[in-house]
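Undergrad: Pasting a structure here, questions to come.
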Amino acid sequence: MKIYSWNVNGIRAVAKKGFLDWVDEEKPDILCLQEIRIQEEQLQKKLKNIDGYYSYFNYGERKGYSGVAIYSKEEALSIEKGIGIDKFDEEGRVITAKYPNFTLVNIYFPNGRSSKERLQYKLDFHEAILNYCNELRAEGEKVIVCGDYNIAHKEIDLKNPDSNKDKSGFLPIERKWIDKIIEQGYVDTYREFYPDTEKYSWWSYRTRARERNAGWRIDYHFVSKDLMEQVQSAEILNDVMGSDHCPVLLELAD
DNA sequence: CGTAATACG
């Protein structure tokens with residue numbers, strides 16, 4: 001089965017640029033979206049009810065901000081919105097779907113660049129998420145934790161590591177958190193299959209970064225290592241619809 | 001610069 005993760009940066013924007021045709025062509029079994037930037041009353045029926053899919057949403061409280069979604073061919077056994085901590089849950093960053101063989105956690109991690117307060121919020125979010133995922137594992141769940149992490153792990157994961165060592169997204173403390181989740185038994189599936197490939201999943205719109213390939217790999221499928229025997233491939237897909245993020249793909253044995 | 005509502009990424 002194919003599990004996609006994609007920061008769409010506005011579901012209404014991609015809806016205008018062929019999102020539904022793309023879903024029809026790719027036929028994801030599960031599609032996780034981040035930054036849908038919409039609220040329930042704004043969501044068109046054609047986006048809520050895609051043929052052949054169940055859909056689940058966690059909206060941010062601020063209009064036009066954050067929000068995550070899961071589209072799924074198979075109905076989830078259960079859905080949880082947020083992680084039970086108000087200051088994080090109000091931003092609509094996490095949605096969790098249980099399936100018979102695994103639990104899928106779809107996350108839009110905070111961006112830490114706008115202020116030191118938002119950086120601290122991001123760091124606090126990291127700890128809360130690790131606790132949340134570890135609790136799922138303690139309950140016996142195999143977990144997939146996908147989404148826009150807003151962190152490049154190592155120098156290979158961004159074009160300009162030197163000039164970004166003091167920027168949120170590539171700070172030592174953020175990179176160490178990725179080290180920590182790996183130590184605790186989560187696997188960066190793309191890097192597992194491609195240990196030496198320099199490929200990115202995001203390019204800033206601001207500085208025409210795409211033309212220079214000044215990108216970052218910040219979109220991941222991590223899995224608990226007890227799932228690795230079922231992982232068949234992990235990929236970063238090509239540019240679609242001129243978005244700043246590319247979709248990333250995890251393929252599991254059925 | 002792009003998205004969606006005036007800020008945020």
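Within each chain, counting starts at residue 1; across the structure tokens, chains are named A, B, ... in the order shown, with ligands numbered 1 upward in that order.
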May I have a table of the residues of chain B lying at most 8 Å from chain A, giving each one's closest pair of atoms and their distance in Å to one decimal, counting only C-alpha atoms (C1' of nucleotides), ordered by chain and ascending residue number, as a tab-separated table?
TA:
residue	atom	partner	partner_atom	distance
B:DC1	C1'	A:Arg206	CA	4.5
B:DG2	C1'	A:Tyr205	CA	6.9
B:DT3	C1'	A:Gly10	CA	6.2
B:DA4	C1'	A:Gly64	CA	5.6
B:DA5	C1'	A:Gly64	CA	7.0
B:DG9	C1'	A:Asn111	CA	7.4
Undergrad: So which bits of segment 65-205 of chain A end up alpha helix (DSSP H) when you DSSP the backbone, as a PyMOL selection string?
TA: chain A and resi 86-89+116-138+172-183+189-193
Undergrad: Extract, using only C-alpha atoms (C1' of nucleotides), all DNA, RNA and protein residues at most 10 Å from Cys246 of chain A, discarding same-chain residues fewer than 6 positions from it, and format them as a CSV table (one decimal) with C-alpha atoms, in the first residue's frame.
TA:
chain,number,residue,atom,x,y,z
A,5,SER,CA,2.6,12.8,2.8
A,6,TRP,CA,2.4,16.3,1.3
A,7,ASN,CA,2.5,19.8,2.7
A,8,VAL,CA,0.1,21.4,0.2
A,200,TYR,CA,15.2,17.8,-1.2
A,201,SER,CA,11.5,18.0,-0.5
A,202,TRP,CA,11.1,21.8,-0.1
A,203,TRP,CA,12.4,25.0,-1.7
A,217,ARG,CA,14.7,17.7,3.0
A,219,ASP,CA,9.3,16.0,4.9
A,236,ILE,CA,10.6,11.9,-2.7
A,237,LEU,CA,8.3,12.5,-5.6
A,238,ASN,CA,8.8,15.1,-8.3
A,239,ASP,CA,7.5,18.6,-8.3
A,240,VAL,CA,3.7,18.8,-8.6
Undergrad: Got a sec: who's within 8 Å of Val143 of chain A, counting only C-alpha atoms (C1' of nucleotides), leaving out chain neighbours fewer than 2 positions off, as a PyMOL selection string?
TA: chain A and resi 102-105+133+136-137+141+145+223-224+227
Undergrad: Mind writing the picked residues with all heavy atoms as a short mmCIF file (atom, residue, chain, number, x, y, z; two decimals), in the first residue's frame?
TA:
data_model
loop_
_atom_site.label_atom_id
_atom_site.label_comp_id
_atom_site.auth_asym_id
_atom_site.auth_seq_id
_atom_site.Cartn_x
_atom_site.Cartn_y
_atom_site.Cartn_z
N PHE A 102 -1.10 -0.88 11.83
CA PHE A 102 -0.23 0.22 12.28
C PHE A 102 -1.09 1.41 12.68
O PHE A 102 -2.28 1.47 12.36
CB PHE A 102 0.76 0.64 11.19
CG PHE A 102 0.11 1.05 9.90
CD1 PHE A 102 -0.39 2.33 9.71
CD2 PHE A 102 -0.03 0.13 8.86
CE1 PHE A 102 -0.99 2.70 8.53
CE2 PHE A 102 -0.64 0.49 7.67
CZ PHE A 102 -1.12 1.78 7.49
N THR A 103 -0.45 2.33 13.38
CA THR A 103 -1.08 3.63 13.67
C THR A 103 -0.31 4.71 12.94
O THR A 103 0.93 4.74 12.98
CB THR A 103 -1.08 3.89 15.19
OG1 THR A 103 -1.95 2.95 15.82
CG2 THR A 103 -1.58 5.30 15.50
N LEU A 104 -1.04 5.55 12.23
CA LEU A 104 -0.44 6.60 11.41
C LEU A 104 -0.64 7.95 12.08
O LEU A 104 -1.77 8.35 12.36
CB LEU A 104 -1.13 6.59 10.03
CG LEU A 104 -0.76 7.68 9.05
CD1 LEU A 104 0.71 7.60 8.65
CD2 LEU A 104 -1.63 7.57 7.80
N VAL A 105 0.49 8.65 12.32
CA VAL A 105 0.44 9.98 12.92
C VAL A 105 0.90 10.99 11.86
O VAL A 105 2.03 10.92 11.39
CB VAL A 105 1.34 10.06 14.18
CG1 VAL A 105 1.12 11.40 14.90
CG2 VAL A 105 1.08 8.90 15.12
N CYS A 133 4.04 9.59 20.69
CA CYS A 133 4.32 8.43 19.84
C CYS A 133 4.84 7.26 20.67
O CYS A 133 4.50 6.10 20.40
CB CYS A 133 5.32 8.81 18.75
SG CYS A 133 4.66 10.00 17.58
N LEU A 136 1.97 5.44 22.18
CA LEU A 136 1.33 4.54 21.22
C LEU A 136 2.11 3.23 21.13
O LEU A 136 1.53 2.14 21.13
CB LEU A 136 1.24 5.20 19.84
CG LEU A 136 0.26 6.36 19.71
CD1 LEU A 136 0.44 7.06 18.36
CD2 LEU A 136 -1.19 5.87 19.85
N ARG A 137 3.43 3.34 21.07
CA ARG A 137 4.26 2.12 20.97
C ARG A 137 4.14 1.29 22.24
O ARG A 137 4.11 0.06 22.18
CB ARG A 137 5.71 2.50 20.71
CG ARG A 137 5.91 3.05 19.31
CD ARG A 137 7.29 3.62 19.17
NE ARG A 137 8.32 2.61 19.04
CZ ARG A 137 9.60 2.83 19.32
NH1 ARG A 137 10.00 4.01 19.75
NH2 ARG A 137 10.48 1.87 19.15
N GLU A 141 1.35 -0.52 19.58
CA GLU A 141 1.13 -0.09 18.19
C GLU A 141 2.46 0.02 17.44
O GLU A 141 3.45 0.51 17.99
CB GLU A 141 0.44 1.28 18.15
CG GLU A 141 -0.92 1.32 18.81
CD GLU A 141 -1.95 0.47 18.09
OE1 GLU A 141 -1.93 0.43 16.85
OE2 GLU A 141 -2.75 -0.18 18.78
N VAL A 145 5.09 7.89 11.45
CA VAL A 145 4.99 9.30 11.85
C VAL A 145 5.47 10.14 10.67
O VAL A 145 6.68 10.28 10.45
CB VAL A 145 5.83 9.59 13.11
CG1 VAL A 145 5.56 11.01 13.60
CG2 VAL A 145 5.56 8.57 14.20
N VAL A 223 9.25 5.55 10.74
CA VAL A 223 8.44 4.42 11.21
C VAL A 223 9.14 3.80 12.41
O VAL A 223 10.37 3.85 12.51
CB VAL A 223 8.23 3.33 10.13
CG1 VAL A 223 7.58 3.92 8.89
CG2 VAL A 223 9.52 2.60 9.78
N SER A 224 8.36 3.22 13.32
CA SER A 224 8.97 2.43 14.39
C SER A 224 9.65 1.24 13.73
O SER A 224 9.15 0.68 12.74
CB SER A 224 7.93 2.00 15.42
OG SER A 224 6.86 1.31 14.82
N LEU A 227 8.27 -1.91 12.12
CA LEU A 227 7.53 -1.87 10.84
C LEU A 227 8.44 -2.03 9.64
O LEU A 227 7.97 -2.25 8.52
CB LEU A 227 6.78 -0.54 10.71
CG LEU A 227 5.26 -0.53 10.89
CD1 LEU A 227 4.75 0.89 10.65
CD2 LEU A 227 4.56 -1.48 9.95
#
Undergrad: Any idea what's packed within 7 Å of segment 176-188 of chain A, counting only C-alpha atoms (C1' of nucleotides), ignoring anything in its chain fewer than 2 positions away? Could you give it as a JSON list (two decimals) with C-alpha atoms, in the first residue's frame?
TA:
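Written out: selection-v5.json:
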[["chain", "number", "residue", "atom", "x", "y", "z"],
["A", 153, "HIS", "CA", 18.61, 16.35, 9.90],
["A", 172, "PRO", "CA", 21.94, 21.79, 16.52],
["A", 173, "ILE", "CA", 19.17, 21.40, 19.10],
["A", 174, "GLU", "CA", 16.63, 20.55, 16.39],
["A", 190, "TYR", "CA", 13.98, 7.65, 2.82],
["A", 191, "ARG", "CA", 17.52, 7.76, 4.22],
["A", 192, "GLU", "CA", 17.39, 4.03, 4.88],
["A", 220, "TYR", "CA", 9.66, 12.52, 6.29],
["A", 221, "HIS", "CA", 8.13, 9.15, 6.90],
["A", 222, "PHE", "CA", 9.60, 7.88, 10.12],
["A", 223, "VAL", "CA", 8.44, 4.42, 11.21],
["A", 224, "SER", "CA", 8.97, 2.43, 14.39],
["A", 225, "LYS", "CA", 11.64, -0.11, 13.50]]
Undergrad: Could you tell me, as number ranges by chain, which residues of segment 41-223 of chain A DSSP assigns to strand (DSSP E or B) when given the backbone?
TA: A: 54-58, 68-72, 78-81, 94-98, 103-108, 143-148, 158, 186-188, 202-203, 215-216, 219-223
Undergrad: Could you please determine the separation between atom CA of Asp254 of chain A and atom CA of Glu139 of chain A in Å, to one decimal place?
TA: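 Atom-to-atom, atom CA of Asp254 of chain A to atom CA of Glu139 of chain A, that is 22.7 Å.
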Undergrad: Tell me, as a list in words, which residues lie within 12 Å of Asp51 of chain A, counting only C-alpha atoms (C1' of nucleotides); anything in the same chain fewer than 5 positions away does not count.
TA: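 Using only C-alpha atoms (C1' of nucleotides), the neighbours found are Leu20, Asp21, Val23, Asp24, Lys27, Lys45, Lys46, Tyr71, Ser72 and Lys73 of chain A.
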Undergrad: Could you dump the residues just selected with C-alpha atoms as a compact mmCIF listing (two decimals), in the first residue's frame?
TA:
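Okay, out_9.txt is ready:
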# COMPACT_ATOMS: atom_id res chain seq x y z
CA LEU A 20 -8.16 15.98 -7.66
CA ASP A 21 -6.70 14.80 -10.97
CA VAL A 23 -5.17 11.95 -6.59
CA ASP A 24 -6.99 10.14 -9.39
CA LYS A 27 -4.31 6.49 -6.36
CA LYS A 45 -17.80 19.08 -0.93
CA LYS A 46 -15.50 18.00 -3.76
CA TYR A 71 -7.68 10.70 2.94
CA SER A 72 -7.95 6.92 3.13
CA LYS A 73 -9.37 4.18 0.90
Undergrad: What does the structure give for the distance between atom CA of Gln230 of chain A and atom CA of Phe193 of chain A, in Å to one decimal?
TA: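 One can read the atom CA of Gln230 of chain A to atom CA of Phe193 of chain A distance as 13.3 Å.
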Undergrad: Atom CA of Ser66 of chain A and atom CA of Asp89 of chain A, how far apart in Å?
TA: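 According to the coordinates, atom CA of Asp89 of chain A and atom CA of Ser66 of chain A are separated by 11.0 Å.
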Undergrad: For segment 75-83 of chain A, find every residue with an atom within 7 Å (counting only C-alpha atoms (C1' of nucleotides)), except residues of its own chain fewer than 6 positions away, and show them as a PyMOL selection string.
TA: chain A and resi 54+58+89+92-99+132
Undergrad: Pull C-alpha atoms from the residues just selected and write them as a CSV table (one decimal), in the first residue's frame.
TA:
chain,number,residue,atom,x,y,z
A,54,TYR,CA,-12.8,8.4,3.6
A,58,ASN,CA,-8.1,18.5,12.0
A,89,ASP,CA,-4.1,21.2,19.7
A,92,GLY,CA,-4.5,21.7,14.3
A,93,ARG,CA,-1.1,20.1,13.7
A,94,VAL,CA,-1.7,16.4,14.4
A,95,ILE,CA,-4.2,13.8,13.3
A,96,THR,CA,-3.8,10.1,14.1
A,97,ALA,CA,-5.5,7.2,12.4
A,98,LYS,CA,-5.4,3.7,13.7
A,99,TYR,CA,-5.4,0.8,11.2
A,132,TYR,CA,2.8,10.8,22.4
Undergrad: Calculated over only C-alpha atoms, which of the candidates A:Gly18, A:Gly67, A:Gly169, A:Gly140 has the smallest distance to Gln39 of chain A?
TA: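 Smallest distance to Gln39 of chain A is found for A:Gly67.
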